[in-house]
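K.L.:
Can you read through this structure? Questions will come right after.
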Amino acid sequence: MSTDFLPFALPCIGDEEINEVVDTLRSGWLTSGPKTRQFELEFAEFIGTSHALALSSCTAGLHLGLEAVGVKAGDKVITSPYTFTASAEVVRYLGADPVFVDICPDTFNLDPKQLAHALENTPNVSAIIPVHIAGQSCDMDAIMALARQYGVKVVEDAAHALPTAYKGKNIGTFGDVTAYSFYVTKPVATGEGGMVVTANEEYAEHMRTMRLHGINRDIFKREGSTLPSWYYEVVAPGYKYNMNDIAAALGIHQLRKAHSLQARREAIALQYDAAFTDLPLQRPFRDSNSSHAWHLYMIQLNLDELNITRDEFIERMKAAGIGTSVHFIPLHIQPYWRDRYGFQPTDFPVALHTFERVVSLPIYPSMTDDDVARVIAATRQILQEAAGQ
Ligand SMILES: Cc1ncc(COP(=O)(O)O)c(C=O)c1O
């Protein structure tokens, strides 16, 4: 068995990706071009929606999505405090304010009951950002029903959720707009990158224009256009959010492998589940309504039964040569969010309780069976000792 350090996450890049990148480099077309277009077409088809726009990040997609659905300064946008700061910072980009709603203790996703309460009691809510933590779908039936009832838009943060399905349909076919991340640790990785999808032509057109400096490309599409090739029109103060063809070359092949990569992640999750049944920890939630992307395998330690803290567990795993991580430090205890909105740690008790005991274990397709066995053996040994077993 290897004694090398096992990193927490690694991308899974094969010869197909490498050859496509080399092809791009030789083509001379390094910025957004034919590979980006191909990636977008294949992505829209993969999800089962009409428009996919390749971007520099998921954060860019969330920003464009909120703007497209009409979120404006002074609005409120509901999201979870149990997420990465990108999910909420985009609300501030538009001069709006996030309203945090606590999570379900099993899924770590927005609690529909508390969401209903927040919608009933908060004026000026224009959108909800559900975050599919770890690749586990939110309760989309409940969220979409509430969104319709209160007339608010839904911009999904699917940074972890590729591929994730809810009741047989891919995430990306429920909300008004959905954004994905291809950051290096994500299930489909291009180093940095993102995609935003929508079935709404008007939102797509807005995001297409805004992702590239507010340049209206329609003028080039007109039949029989006599405009010279150097000519363009700026119709808004847009952003620089386009994807480049080198990233798209990676994305095309990562997407084609998305289901097989997910199958390997799922197999590792099943092995962990089986090996941890008798340990003082809570295993990840499994929902018969949805398929899980397994971006993260998050366990919660039963601290009451252990003589070590969560942080000590992480240190012992590191000493055993295994990288782990913590997802997430809740936003309401982060200095910016805490100070701006005057939050107390106990304002979102489920998010806080989860954070104090959660650990993410390595789960990625290039892990060998030996790697998986090492993680299991170390976890078992550390927790059994700490439980005095
Ligand atoms: C839940 C969540 N949303 C959004 C993002 C932002 O993704 P990106 O780095 O592609 O902007 C991340 C990144 O880790 C994330 O975990």
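A note on labels: chains of the structure tokens are A, B, ... as shown, every chain counts residues from 1, and ligands are counted from 1 in their shown order.
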Please check which protein, DNA or RNA residues sit within 9 Å of ligand 1, counting only C-alpha atoms and all ligand atoms, and write them as JSON, numbers by chain.
P.N.:
{"A": [55, 56, 57, 58, 59, 60, 61, 62, 82, 83, 84, 85, 86, 87, 88, 131, 132, 133, 134, 157, 158, 159, 160, 179, 180, 181, 182, 183, 184, 185, 186, 192, 193, 194, 195, 327, 328]}
K.L.:
May I ask which of the residues A:Asn242, A:Thr226, A:Thr379, A:Ser366 is the closest one to Arg265 in chain A, counting only C-alpha atoms?
P.N.:
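Among the listed residues, the smallest separation from Arg265 in chain A belongs to A:Ser366.
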K.L.:
Applying 12 Å and only C-alpha atoms, which residues near Leu119 in chain A remain after dropping the ones on its own chain fewer than 2 positions away? List them as a PyMOL selection string.
P.N.:
chain A and resi 76-79+99-101+112-117+121-128+143+145-152
K.L.:
Would you output that residue set with N, CA and C atoms, as a short mmCIF file (atom, residue, chain, number, x, y, z; two decimals), in the first residue's frame?
P.N.:
data_model
loop_
_atom_site.label_atom_id
_atom_site.label_comp_id
_atom_site.auth_asym_id
_atom_site.auth_seq_id
_atom_site.Cartn_x
_atom_site.Cartn_y
_atom_site.Cartn_z
N LYS A 76 -33.89 41.81 -2.22
CA LYS A 76 -33.40 40.75 -1.34
C LYS A 76 -33.36 39.45 -2.14
N VAL A 77 -32.33 38.66 -1.89
CA VAL A 77 -32.19 37.36 -2.57
C VAL A 77 -31.93 36.30 -1.50
N ILE A 78 -32.76 35.27 -1.50
CA ILE A 78 -32.64 34.23 -0.46
C ILE A 78 -31.65 33.16 -0.89
N THR A 79 -30.71 32.85 0.01
CA THR A 79 -29.81 31.72 -0.23
C THR A 79 -29.44 31.10 1.10
N VAL A 99 -30.50 37.16 1.95
CA VAL A 99 -31.23 36.78 3.17
C VAL A 99 -30.94 35.30 3.35
N PHE A 100 -30.28 34.95 4.46
CA PHE A 100 -29.92 33.55 4.65
C PHE A 100 -31.07 32.79 5.30
N VAL A 101 -31.24 31.56 4.81
CA VAL A 101 -32.24 30.64 5.35
C VAL A 101 -31.50 29.37 5.73
N PRO A 112 -36.94 23.89 2.95
CA PRO A 112 -38.13 24.49 2.34
C PRO A 112 -39.09 25.13 3.35
N LYS A 113 -39.18 24.56 4.56
CA LYS A 113 -40.11 25.14 5.57
C LYS A 113 -39.64 26.54 5.97
N GLN A 114 -38.33 26.65 6.19
CA GLN A 114 -37.79 27.97 6.58
C GLN A 114 -37.78 28.93 5.39
N LEU A 115 -37.67 28.36 4.20
CA LEU A 115 -37.74 29.19 2.99
C LEU A 115 -39.15 29.80 2.89
N ALA A 116 -40.16 28.98 3.12
CA ALA A 116 -41.55 29.47 3.06
C ALA A 116 -41.75 30.59 4.08
N HIS A 117 -41.21 30.39 5.26
CA HIS A 117 -41.34 31.39 6.33
C HIS A 117 -40.65 32.69 5.91
N ASN A 121 -42.31 36.50 5.14
CA ASN A 121 -42.00 37.60 6.07
C ASN A 121 -40.97 38.61 5.58
N THR A 122 -40.46 38.45 4.35
CA THR A 122 -39.41 39.36 3.87
C THR A 122 -39.92 40.15 2.67
N PRO A 123 -39.96 41.48 2.76
CA PRO A 123 -40.35 42.26 1.57
C PRO A 123 -39.23 42.30 0.53
N ASN A 124 -39.61 42.55 -0.72
CA ASN A 124 -38.65 42.80 -1.82
C ASN A 124 -37.77 41.63 -2.19
N VAL A 125 -38.22 40.40 -1.95
CA VAL A 125 -37.41 39.25 -2.41
C VAL A 125 -37.67 39.09 -3.91
N SER A 126 -36.59 39.12 -4.71
CA SER A 126 -36.78 38.95 -6.15
C SER A 126 -36.25 37.62 -6.66
N ALA A 127 -35.41 36.93 -5.87
CA ALA A 127 -34.86 35.65 -6.36
C ALA A 127 -34.45 34.76 -5.19
N ILE A 128 -34.34 33.47 -5.52
CA ILE A 128 -33.81 32.46 -4.59
C ILE A 128 -32.60 31.82 -5.28
N ILE A 143 -39.12 24.07 -3.75
CA ILE A 143 -38.55 25.40 -4.04
C ILE A 143 -39.27 26.05 -5.22
N ALA A 145 -42.27 25.44 -6.34
CA ALA A 145 -43.67 25.76 -5.98
C ALA A 145 -43.71 27.08 -5.19
N LEU A 146 -42.77 27.23 -4.25
CA LEU A 146 -42.73 28.48 -3.46
C LEU A 146 -42.37 29.67 -4.35
N ALA A 147 -41.43 29.46 -5.27
CA ALA A 147 -41.02 30.54 -6.16
C ALA A 147 -42.21 31.03 -6.98
N ARG A 148 -42.99 30.07 -7.48
CA ARG A 148 -44.17 30.46 -8.27
C ARG A 148 -45.20 31.18 -7.40
N GLN A 149 -45.41 30.62 -6.22
CA GLN A 149 -46.41 31.21 -5.31
C GLN A 149 -46.07 32.67 -4.98
N TYR A 150 -44.78 32.95 -4.79
CA TYR A 150 -44.39 34.31 -4.37
C TYR A 150 -43.87 35.15 -5.55
N GLY A 151 -43.90 34.59 -6.75
CA GLY A 151 -43.50 35.35 -7.94
C GLY A 151 -42.03 35.75 -7.92
N VAL A 152 -41.16 34.85 -7.45
CA VAL A 152 -39.72 35.17 -7.45
C VAL A 152 -38.99 34.21 -8.40
#
K.L.:
Need to verify the contact set: Asp278 in chain A, 12 Å, only C-alpha atoms, exclusion of same-chain residues closer than 4 positions in sequence. Can you return it as a ChimeraX atom specification?
P.N.:
/A:272-274,282-283,302,379-380,383-384,387,389
K.L.:
Would you save the residues of that selection, restricted to N, CA and C atoms, as an mmCIF file, in the first residue's frame?
P.N.:
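And here's again-v2.cif as it stands now:
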data_model
loop_
_atom_site.group_PDB
_atom_site.id
_atom_site.type_symbol
_atom_site.label_atom_id
_atom_site.label_comp_id
_atom_site.auth_asym_id
_atom_site.auth_seq_id
_atom_site.Cartn_x
_atom_site.Cartn_y
_atom_site.Cartn_z
ATOM 1 N N TYR A 272 -17.256 3.713 1.063
ATOM 2 C CA TYR A 272 -17.175 4.451 2.337
ATOM 3 C C TYR A 272 -18.414 4.150 3.192
ATOM 4 N N ASP A 273 -19.582 4.251 2.559
ATOM 5 C CA ASP A 273 -20.838 4.007 3.298
ATOM 6 C C ASP A 273 -20.787 2.654 4.013
ATOM 7 N N ALA A 274 -20.373 1.641 3.254
ATOM 8 C CA ALA A 274 -20.374 0.277 3.811
ATOM 9 C C ALA A 274 -19.353 0.140 4.938
ATOM 10 N N GLN A 282 -22.003 10.447 11.091
ATOM 11 C CA GLN A 282 -23.193 10.434 10.231
ATOM 12 C C GLN A 282 -22.727 10.425 8.785
ATOM 13 N N ARG A 283 -23.175 9.443 8.025
ATOM 14 C CA ARG A 283 -22.777 9.346 6.607
ATOM 15 C C ARG A 283 -23.632 10.291 5.760
ATOM 16 N N ASN A 302 -19.733 12.267 15.331
ATOM 17 C CA ASN A 302 -20.550 12.330 16.550
ATOM 18 C C ASN A 302 -19.626 12.729 17.700
ATOM 19 N N THR A 379 -9.564 6.315 8.781
ATOM 20 C CA THR A 379 -10.774 6.851 9.425
ATOM 21 C C THR A 379 -11.223 5.911 10.541
ATOM 22 N N ARG A 380 -11.247 4.626 10.243
ATOM 23 C CA ARG A 380 -11.696 3.646 11.244
ATOM 24 C C ARG A 380 -10.772 3.654 12.454
ATOM 25 N N LEU A 383 -11.091 6.979 14.555
ATOM 26 C CA LEU A 383 -12.365 7.147 15.252
ATOM 27 C C LEU A 383 -12.587 6.047 16.286
ATOM 28 N N GLN A 384 -12.130 4.849 16.001
ATOM 29 C CA GLN A 384 -12.296 3.776 17.002
ATOM 30 C C GLN A 384 -11.466 4.076 18.246
ATOM 31 N N ALA A 387 -13.040 6.827 20.191
ATOM 32 C CA ALA A 387 -14.296 6.432 20.854
ATOM 33 C C ALA A 387 -14.024 5.414 21.963
ATOM 34 N N GLN A 389 -12.971 2.437 21.555
ATOM 35 C CA GLN A 389 -13.469 1.095 21.175
ATOM 36 C C GLN A 389 -12.327 0.080 21.110
#
K.L.:
Can you tell me which residues surround Ser360 in chain A at a distance of at most 6 Å, considering only C-alpha atoms, apart from same-chain residues fewer than 6 positions away, and format the answer as a ChimeraX atom specification?
P.N.:
/A:297-298,324-326
K.L.:
Hey, which of A:Pro7, A:Gly70, A:Pro345, A:Pro163 ends up closest to Ala258 in chain A? Count only C-alpha atoms.
P.N.:
A:Pro163
K.L.:
Skipping near chain neighbours, those fewer than 3 positions away, what residues fall within 10 Å of Glu67 in chain A using only C-alpha atoms, listed as a count of residues only?
P.N.:
15
K.L.:
So which one's closest to Thr107 in chain A, A:Gln271, A:Thr346, A:Ser137, A:Thr164? Using only C-alpha atoms, please.
P.N.:
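Of A:Gln271, A:Thr346, A:Ser137, A:Thr164, the one nearest Thr107 in chain A is A:Ser137, counting only C-alpha atoms.
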K.L.:
What's the separation between CA of Asp4 in chain A and CA of Ala377 in chain A, in Å to one decimal place?
P.N.:
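Computing the Euclidean distance for CA of Asp4 in chain A and CA of Ala377 in chain A yields 15.2 Å.
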K.L.:
So that I can check the surroundings of range 39-43 of chain A, please list as a list in words every protein, DNA and RNA residue that reaches within 9 Å of it, counting only C-alpha atoms and ignoring chain neighbours fewer than 2 positions away.
P.N.:
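Once the nearby chain positions are removed, what remains is Pro34, Lys35, Thr36, Arg37, Glu45, Phe46, Ile47, Gly48, Thr49, Ser50, His51, Ala52, Leu53, Ala54, Met195, Val197, Ala248, Ala249, Gly251, Ile252, His253, Leu255 and Arg256 of chain A.
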K.L.:
Per DSSP on the backbone, what are the strand (DSSP E) residues of range 128-188 of chain A, as a ChimeraX atom specification?
P.N.:
/A:128-129,153-157,165-166,169-170,177-181
